[in-house]
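S.K.: Before I ask anything, here is the structure I am working with.
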Amino acid sequence: MTELLQVRGLEVEYTTRSGTTPAVRGVDFDVERGAVVAIVGESGSGKSTISQALIRQVAEGGRITGGSVVFDGRDLLQLPEKSLRSLRGARIGFVPQDPSSSLNPLIKVGEQIAESLRLHTGLSRKDAAKRAVEILAEVGISEPAARADQYPHELSGGMRQRVLIGIAWACEPALVIADEPTSALDVTVQRHVLDRMELLAAQHDTAVLLVTHDLAVAADRASRMLVMNQGRIVEQGTAADVLGDPQHEYTRRLVAAAPGLSSGRMHPRPVEVHGEDTRRALTLGFAERRDADRVPNILEVEDLVKTYSLRGGLGDKSTLVAVDHVSFSVPRGTTYSLVGESGSGKTTTARIAARLVQADSGVVRFDGQDIGELRGESLRQLRRRVQVVYQNPFGSLDPTMTVEAIVSEPLTAFRIGSRAERRETARALLDAVRLDPEFASRKPAQLSGGQRQRVAIARALALGPELLVLDEPVSALDVSVQEQILQLLVDLQREFALSYLFISHDLGVIRQISDSVAVMQHGRVVESGSAETVMSTPQDAYTRELLAAIPGAHSGP
Amino acid sequence: MKQTGDSRARRALRFIAPRLFQFVFVVWAAYTVTFLLLHLLPGDPLIAALSVKGGDATPTDPAELSELRARYGLDGSVWDQYVTNGLAALRGDLGVSIATGQNVGDMIARALPNTAIVAVLALLIGVVVSLLITYWAFVTRAGWLRNTLLQIPPLGVAIPAFFSGLVLVSIFAYGLGILPSSGTRNPLSPILPAITLAMPVGAIFFQVFSAAVLEARASSYVFTAIAKGVSLPTLFFRHVLRNALLPSITILGLLIGYLAGGTAVVESVFSRDGIGRLTVDAVLARDSNVVQGVVIVVAVVYSVVNLLVDFSYGLTDPRTRPAALRRRVQDARNQAVVER
C-alpha cells in the first residue's frame, strides 16, 4: 500500500426538478504520498464535484452513487459519519474556492483556525489560540497576532485565502484538497498563494489534489495531471506529457486555447460575404459615418481624476483616488487595453470614457468632441456611437426577455425600423456573432455563458457603434470559450471597423487582442506603449511582476 | 491602529446620533399624524365623545361646554392644542379621558403590564419553538421530514387568533380546567393568550429564520466548517445560528411593534385589560385623548425596540460596527502593499 488515496469507479449524480444528471461517471485515479496531482477541466466537467465527494460532502441534491474512495486503507464512502468527521480537517484538509465567502463572517480569523486545532489535536483554548497565530505567520501573514484578532471582512482576498490554507494545514494533514484555490484572486496574489501552498506541502510532506480550470496553473504546480471532460477523466499523465503531447482531442483543444501558453495577437479571419439583404438588415441601425475631416484618434483621454469618498457620516472624510491623472488615446480601428489588478482603477477609467461616470477633472474627447458636458439628446446620440459590453453575461441580460428582444432593444429605443425590420436585423446580428438565428426566441437562462456574451455583443453592435468598451468581456468564461469570443471580437473589429477599449486583468488575454496597452496600478498608468513592446521589454517593475505572475512561465509546451 | 479616547467617543456618537434622531422623529410623527387625524376630521371631538357617553343628556350649554373643553385640553385653536398637548406629553402628562374622567397616563400604566407580559411570553414561545423546529429540520437526514417541518408554521399565520384562542380556551380552560379562560387576576392567565398570539408571531419569525438557516447551510463557510470536521450541533449553534439571526433580528423588531399594538383581538377574546382593549374601547367611545395617548406610548415602545435592534446589529455582526467601515478603507489602500 503505497498510494495515499485510491479512487475507483466514483460516480456522483445530481437530482433536480428536471431530472437526474450524472456529474461524475466512473472516475479512477491515485494520489501518492507527498505528490501534487492536478485535476483540470472546464466548468461543468465534474472536477469540483469530485473534490467534494472525496470528503463525502457533495452539494445539495448531489448523491454519490457508486465507487470507492480509499484513503490510507479505509474507504471513506463506507465509514460511519463520526469516524469521517475525525478525518476531515485532521488528515484531509480542504482549501475552498471562494475566499470572500468561505470564512465565517462573524468569527475572528485566529479563532477559525484554533477551532480546528481544538477539535482534532486536543489543545487547550489558550494553546490553540497561540498555535493559530504561529500558523498565520507560517502562511505568510504579517503581524499575525494582530491579524488573528480581526474579522474576515477586515482582510484582503489574498489574506483570507491564506487563512483558509492555514485552516487546511492546521493539523498537518496527509492530503489537502484545493478546489480552485486562486481563481478569485489577482494574478500576482495568485502566485504568492500558490507558492505558499507549495512550500507548506514540501515542508509537511503533504499530498495535494489541486482542482483548477487553469491549465497553466496545473502545469506549473503539479507533477501529474488528470484532464476531465463531462464527468470522465479523458487523459492523465505527467504535466509535461499531457501538455507537450496531448493525446485526447479535448486536451488538445484545451492546450491550444490556454492564453498563458500561446502568444501573439490574433488575426481576423476573412468575413464570409453577406448577401445584399442581410447587409441592409445588419446595418439598419447604423448612423451615417462622417468620413471627411476625421481625427486619427477616436478617443482621447486627458488627465482624468476621479475620487471616491468612502462612507462620510458626520464630517468623516476618507477618500480613495480611483483614477489618478490618467491620459491615453485610442487610435481609430485598433484595440487599446487597460490592464491591472482589482482596485487599479481600470474599470472606473473605462466608465468615464464611456460617459457612464463623471470625472472630477480631465477631458474625454470622442471623435474630437469633448463629451464631458454633453446632456440630453446629444448624450443619447453619443450612446449610439459608444457601446459597452460587461463582464458578467449572467447579470447583464434581462432574464425575462427573449434574445431577439434583447438584441433589438437598442433599435426600439431609438425608434429605428419597423417591427419586422428589427426582427430581421436581430437575426442578422445573431448571425454576425456566429449564433444560430434560431436562438432568437430563447431566453438567456437557456444559453451558456459564451452564448450569452455573444448576445451581449450583438446587442452592442445593433446601433453601429464606432467604439466598444469591453469590460472584462471574457473573464467569466471557460478558456476554450474565451478564445472563441476573442476571435469573434477580432473578426468583428475588421468587419465593422470598430475601435476597442478593452479592460482585463489577464495579460494572456490582453496579448491576444491588443494593439496598445496601458498598465494601471493604484489609479495611475505605470507603463504604456504598443502591446508587443510592453510584453517583451517591460520597463516598470510592476509590469514585470505581472508578466512573471502569469502561470505557465515555469514550464511550457 | 491606535485609537484615542476622543475619536472613539466621536465614532460612537456618529453611530448613535442618526438613530436617536430617527427615534425622536418617529415619536413626533406619530403624535402629529394622530393629532391631525383626530382634529381635522369633520365634527367636534368633544361633542362626539360626549354624545356617545351621555346620549340625549349631552350638555349643550356653551359655558358648560367650554369648561369641559378646558378640562380635557380641547380649548383654543388647533395649533394651540397641538403645542400645549405636545409639550404636556413631553412632561409625561397625557391628559384626561373624556369617557371615564381618569388620567390617561394612569389608564395606560395599568393596562401596559398586562399587554407586556402576554407580548413577551408570546415572543419567547414563538422564538423558542421556531428555533427547535428549525434545529430539528437542520439535523434530520430525512428529506421528507425536513420539508414537513418547514411547512408547519405557515399554518400559524393562516389560523385567525379569535379562532385558535377559542379552541385553546375550550380545551385547556373548559375541558381540562387547568388554565383560566379569562381575566388578568390569576397568575397563569397570560399563558393561553400568549400561546394564541405566539402562533402568528412565531410563524412569521420562523419563515424568516428558517430561510436564513437554510441559506447559511448552503453557504461556503459552512462547507469550510464541515471540511474541518465540525459536528452537526456545533455547526448549527456556532456557525449557522448567529449568521441566521442577522436577518431575523430585523423581523423581530417589526414583530414587537406589531405586538405592542396588535393585541386587541386576543385581549378581547380573553377579556384582558390591556393596551389593545383600551384602544378598542377608546375608539368606540370616541375618546380622542386616550387614542392619542396610546399612539404616543406605542410609538415610543416601538422606537425603543428598534433602537435596541439597531444597536444589537453592532453586537452580532462585526461588519456593521462603525470602526470596521473606516478600517476597510484603510485596507483597500494597503492591500497591494501588504500583499507583497
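Convention: chains lettered A, B, ... in C-alpha cells order; per-chain residue numbering from 1; ligands numbered from 1 as shown.
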Could you pull out all residues of stretch 154-187 of chain B with a DSSP call of alpha helix (DSSP H) and give them as a PyMOL selection string?

M.R.: chain B and resi 154-158+161-168

S.K.: List the neighbours of stretch 47-58 of chain A out to 9 Å using only C-alpha atoms; skip same-chain residues closer than 4 positions along the sequence, and give me the result as number ranges by chain.

M.R.: A: 7, 10-12, 23-24, 27, 39-43, 62-64, 69, 76-77, 84, 87-88, 92, 94, 177-180, 209, 211-213, 228-229, 231; B: 223, 226-227

S.K.: Which residue, A:Leu397, A:Val189, A:Ala257, A:Leu498, has the smallest gap to A:Ala216 when you use only C-alpha atoms?

M.R.: A:Ala257

S.K.: So, with only C-alpha atoms as the atoms that count, which of B:Ala12, B:Val33, B:Ala203, B:Leu149 lies closest to chain A?

M.R.: B:Ala12

S.K.: Counting only C-alpha atoms, which of A:Pro437, A:Gly523, A:Pro296, A:Pro473 gets nearest to chain B?

M.R.: A:Gly523

S.K.: Do you have the atom CA of A:Val133-atom CA of A:Ala145 distance handy?

M.R.: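 The value is 5.6 Å.
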
S.K.: Residues at most 10 Å from B:Val230, counting only C-alpha atoms, excluding those fewer than 3 positions away in the same chain, as a PyMOL selection string?

M.R.: (chain A and resi 85-86+88-89+115-116+119-120) or (chain B and resi 222-227+233-236+238-239)

S.K.: Mind dumping the selected residues with N, CA, C and O atoms as a short mmCIF file (atom, residue, chain, number, x, y, z; two decimals), in the first residue's frame?

M.R.:
```
data_model
loop_
_atom_site.label_atom_id
_atom_site.label_comp_id
_atom_site.auth_asym_id
_atom_site.auth_seq_id
_atom_site.Cartn_x
_atom_site.Cartn_y
_atom_site.Cartn_z
N ARG A 85 -15.79 12.36 10.36
CA ARG A 85 -15.55 13.70 10.92
C ARG A 85 -14.17 13.80 11.54
O ARG A 85 -13.54 14.85 11.52
N SER A 86 -13.69 12.67 12.12
CA SER A 86 -12.38 12.75 12.75
C SER A 86 -11.26 12.77 11.70
O SER A 86 -10.13 13.10 12.00
N ARG A 88 -11.83 14.41 8.53
CA ARG A 88 -11.96 15.74 7.93
C ARG A 88 -11.24 16.76 8.79
O ARG A 88 -11.47 16.84 9.99
N GLY A 89 -10.43 17.57 8.18
CA GLY A 89 -9.75 18.62 8.94
C GLY A 89 -8.50 18.11 9.63
O GLY A 89 -7.56 18.88 9.83
N GLU A 115 -10.25 26.68 16.12
CA GLU A 115 -11.36 25.72 16.25
C GLU A 115 -10.94 24.35 15.73
O GLU A 115 -11.19 23.32 16.37
N SER A 116 -10.28 24.35 14.60
CA SER A 116 -9.85 23.10 14.00
C SER A 116 -8.82 22.41 14.90
O SER A 116 -8.86 21.19 15.09
N LEU A 119 -10.43 20.89 17.96
CA LEU A 119 -11.24 19.74 17.59
C LEU A 119 -10.40 18.48 17.43
O LEU A 119 -10.79 17.40 17.85
N HIS A 120 -9.24 18.62 16.81
CA HIS A 120 -8.51 17.41 16.41
C HIS A 120 -7.25 17.14 17.22
O HIS A 120 -6.80 16.01 17.32
N VAL B 222 -20.02 27.36 5.76
CA VAL B 222 -20.48 26.14 6.42
C VAL B 222 -19.77 24.93 5.81
O VAL B 222 -19.38 24.01 6.52
N PHE B 223 -19.55 24.98 4.51
CA PHE B 223 -18.77 23.90 3.89
C PHE B 223 -17.37 23.85 4.50
O PHE B 223 -16.86 22.77 4.82
N THR B 224 -16.76 25.01 4.67
CA THR B 224 -15.44 25.06 5.30
C THR B 224 -15.47 24.40 6.67
O THR B 224 -14.58 23.63 7.02
N ALA B 225 -16.52 24.73 7.44
CA ALA B 225 -16.62 24.16 8.79
C ALA B 225 -16.79 22.65 8.73
O ALA B 225 -16.18 21.92 9.51
N ILE B 226 -17.59 22.17 7.77
CA ILE B 226 -17.77 20.72 7.64
C ILE B 226 -16.44 20.06 7.27
O ILE B 226 -16.07 19.03 7.83
N ALA B 227 -15.72 20.72 6.37
CA ALA B 227 -14.43 20.17 5.96
C ALA B 227 -13.43 20.16 7.11
O ALA B 227 -12.45 19.44 7.10
N PRO B 233 -24.29 19.59 15.77
CA PRO B 233 -24.75 20.58 16.74
C PRO B 233 -23.83 21.81 16.80
O PRO B 233 -24.30 22.95 16.81
N THR B 234 -22.52 21.58 16.79
CA THR B 234 -21.58 22.72 16.78
C THR B 234 -21.79 23.56 15.54
O THR B 234 -21.78 24.78 15.58
N LEU B 235 -21.98 22.86 14.42
CA LEU B 235 -22.18 23.56 13.16
C LEU B 235 -23.38 24.50 13.29
O LEU B 235 -23.33 25.67 12.90
N PHE B 236 -24.47 23.99 13.86
CA PHE B 236 -25.69 24.79 13.96
C PHE B 236 -25.51 25.95 14.92
O PHE B 236 -25.74 27.11 14.57
N ARG B 238 -22.79 27.22 16.39
CA ARG B 238 -21.63 28.09 16.31
C ARG B 238 -21.56 28.82 14.97
O ARG B 238 -21.21 29.99 14.91
N HIS B 239 -21.86 28.10 13.90
CA HIS B 239 -21.62 28.70 12.59
C HIS B 239 -22.89 29.20 11.91
O HIS B 239 -22.87 30.20 11.22
#
```

S.K.: Taking only C-alpha atoms into account, name the residue in A:Ser536, A:Thr20, A:Gln112, A:Gln78 that is nearest to chain B.

M.R.: A:Gln112

S.K.: Pull out every residue of chain A that has at least one atom within 8 Å of chain B, counting only C-alpha atoms, and report them as a VMD selection string.

M.R.: chain A and resid 55 59 to 60 84 to 90 93 to 96 98 101 to 106 116 119 142 151 153 to 156 158 to 159 167 to 168 189 310 to 311 313 to 314 318 320 343

S.K.: Go through B:Pro62, B:Gly253, B:Gly177, B:Gly274 and flag the residue nearest B:Pro113, using only C-alpha atoms for the distances.

M.R.: B:Gly274

S.K.: Looking only at strand (DSSP E) from DSSP on the backbone, list the matching residues of stretch 164-287 of chain A as an NGL selection string.

M.R.: :A and (175-179 or 207-212 or 224-229 or 232-238)

S.K.: Write out as a PyMOL selection string the residues lying within 8 Å of B:Ser248, counting only C-alpha atoms and excluding same-chain residues fewer than 3 positions away.

M.R.: chain B and resi 205+208-209+212+244-245+251-252

S.K.: Smallest atom-to-atom distance to A:Glu3: which of A:Arg74, A:His267, A:Arg280, A:Arg434, using only C-alpha atoms?

M.R.: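 Closest to A:Glu3 of all the choices is A:Arg74.
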
S.K.: Pick out the residues sitting within 8 Å of B:Phe138, and hand them over as a PyMOL selection string; count only C-alpha atoms, and ignore anything fewer than 3 positions along from it in its own chain.

M.R.: chain B and resi 134-135+146+214+236

S.K.: Please provide the set of residues having any atom within 10 Å of A:Ser448, restricted to only C-alpha atoms, with same-chain residues fewer than 2 positions apart removed, written as a count of residues only.

M.R.: 12

S.K.: Just give me the gap between atom CA of A:Ala518 and atom CA of A:Val386 in Å, one decimal is fine.

M.R.: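 Going from atom CA of A:Ala518 over to atom CA of A:Val386, I get 20.2 Å.
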
S.K.: How far is it from atom CA of A:Arg355 to atom CA of A:Met520, in Å with one decimal?

M.R.: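 Atom-to-atom, atom CA of A:Arg355 and atom CA of A:Met520 are spaced 19.7 Å apart.
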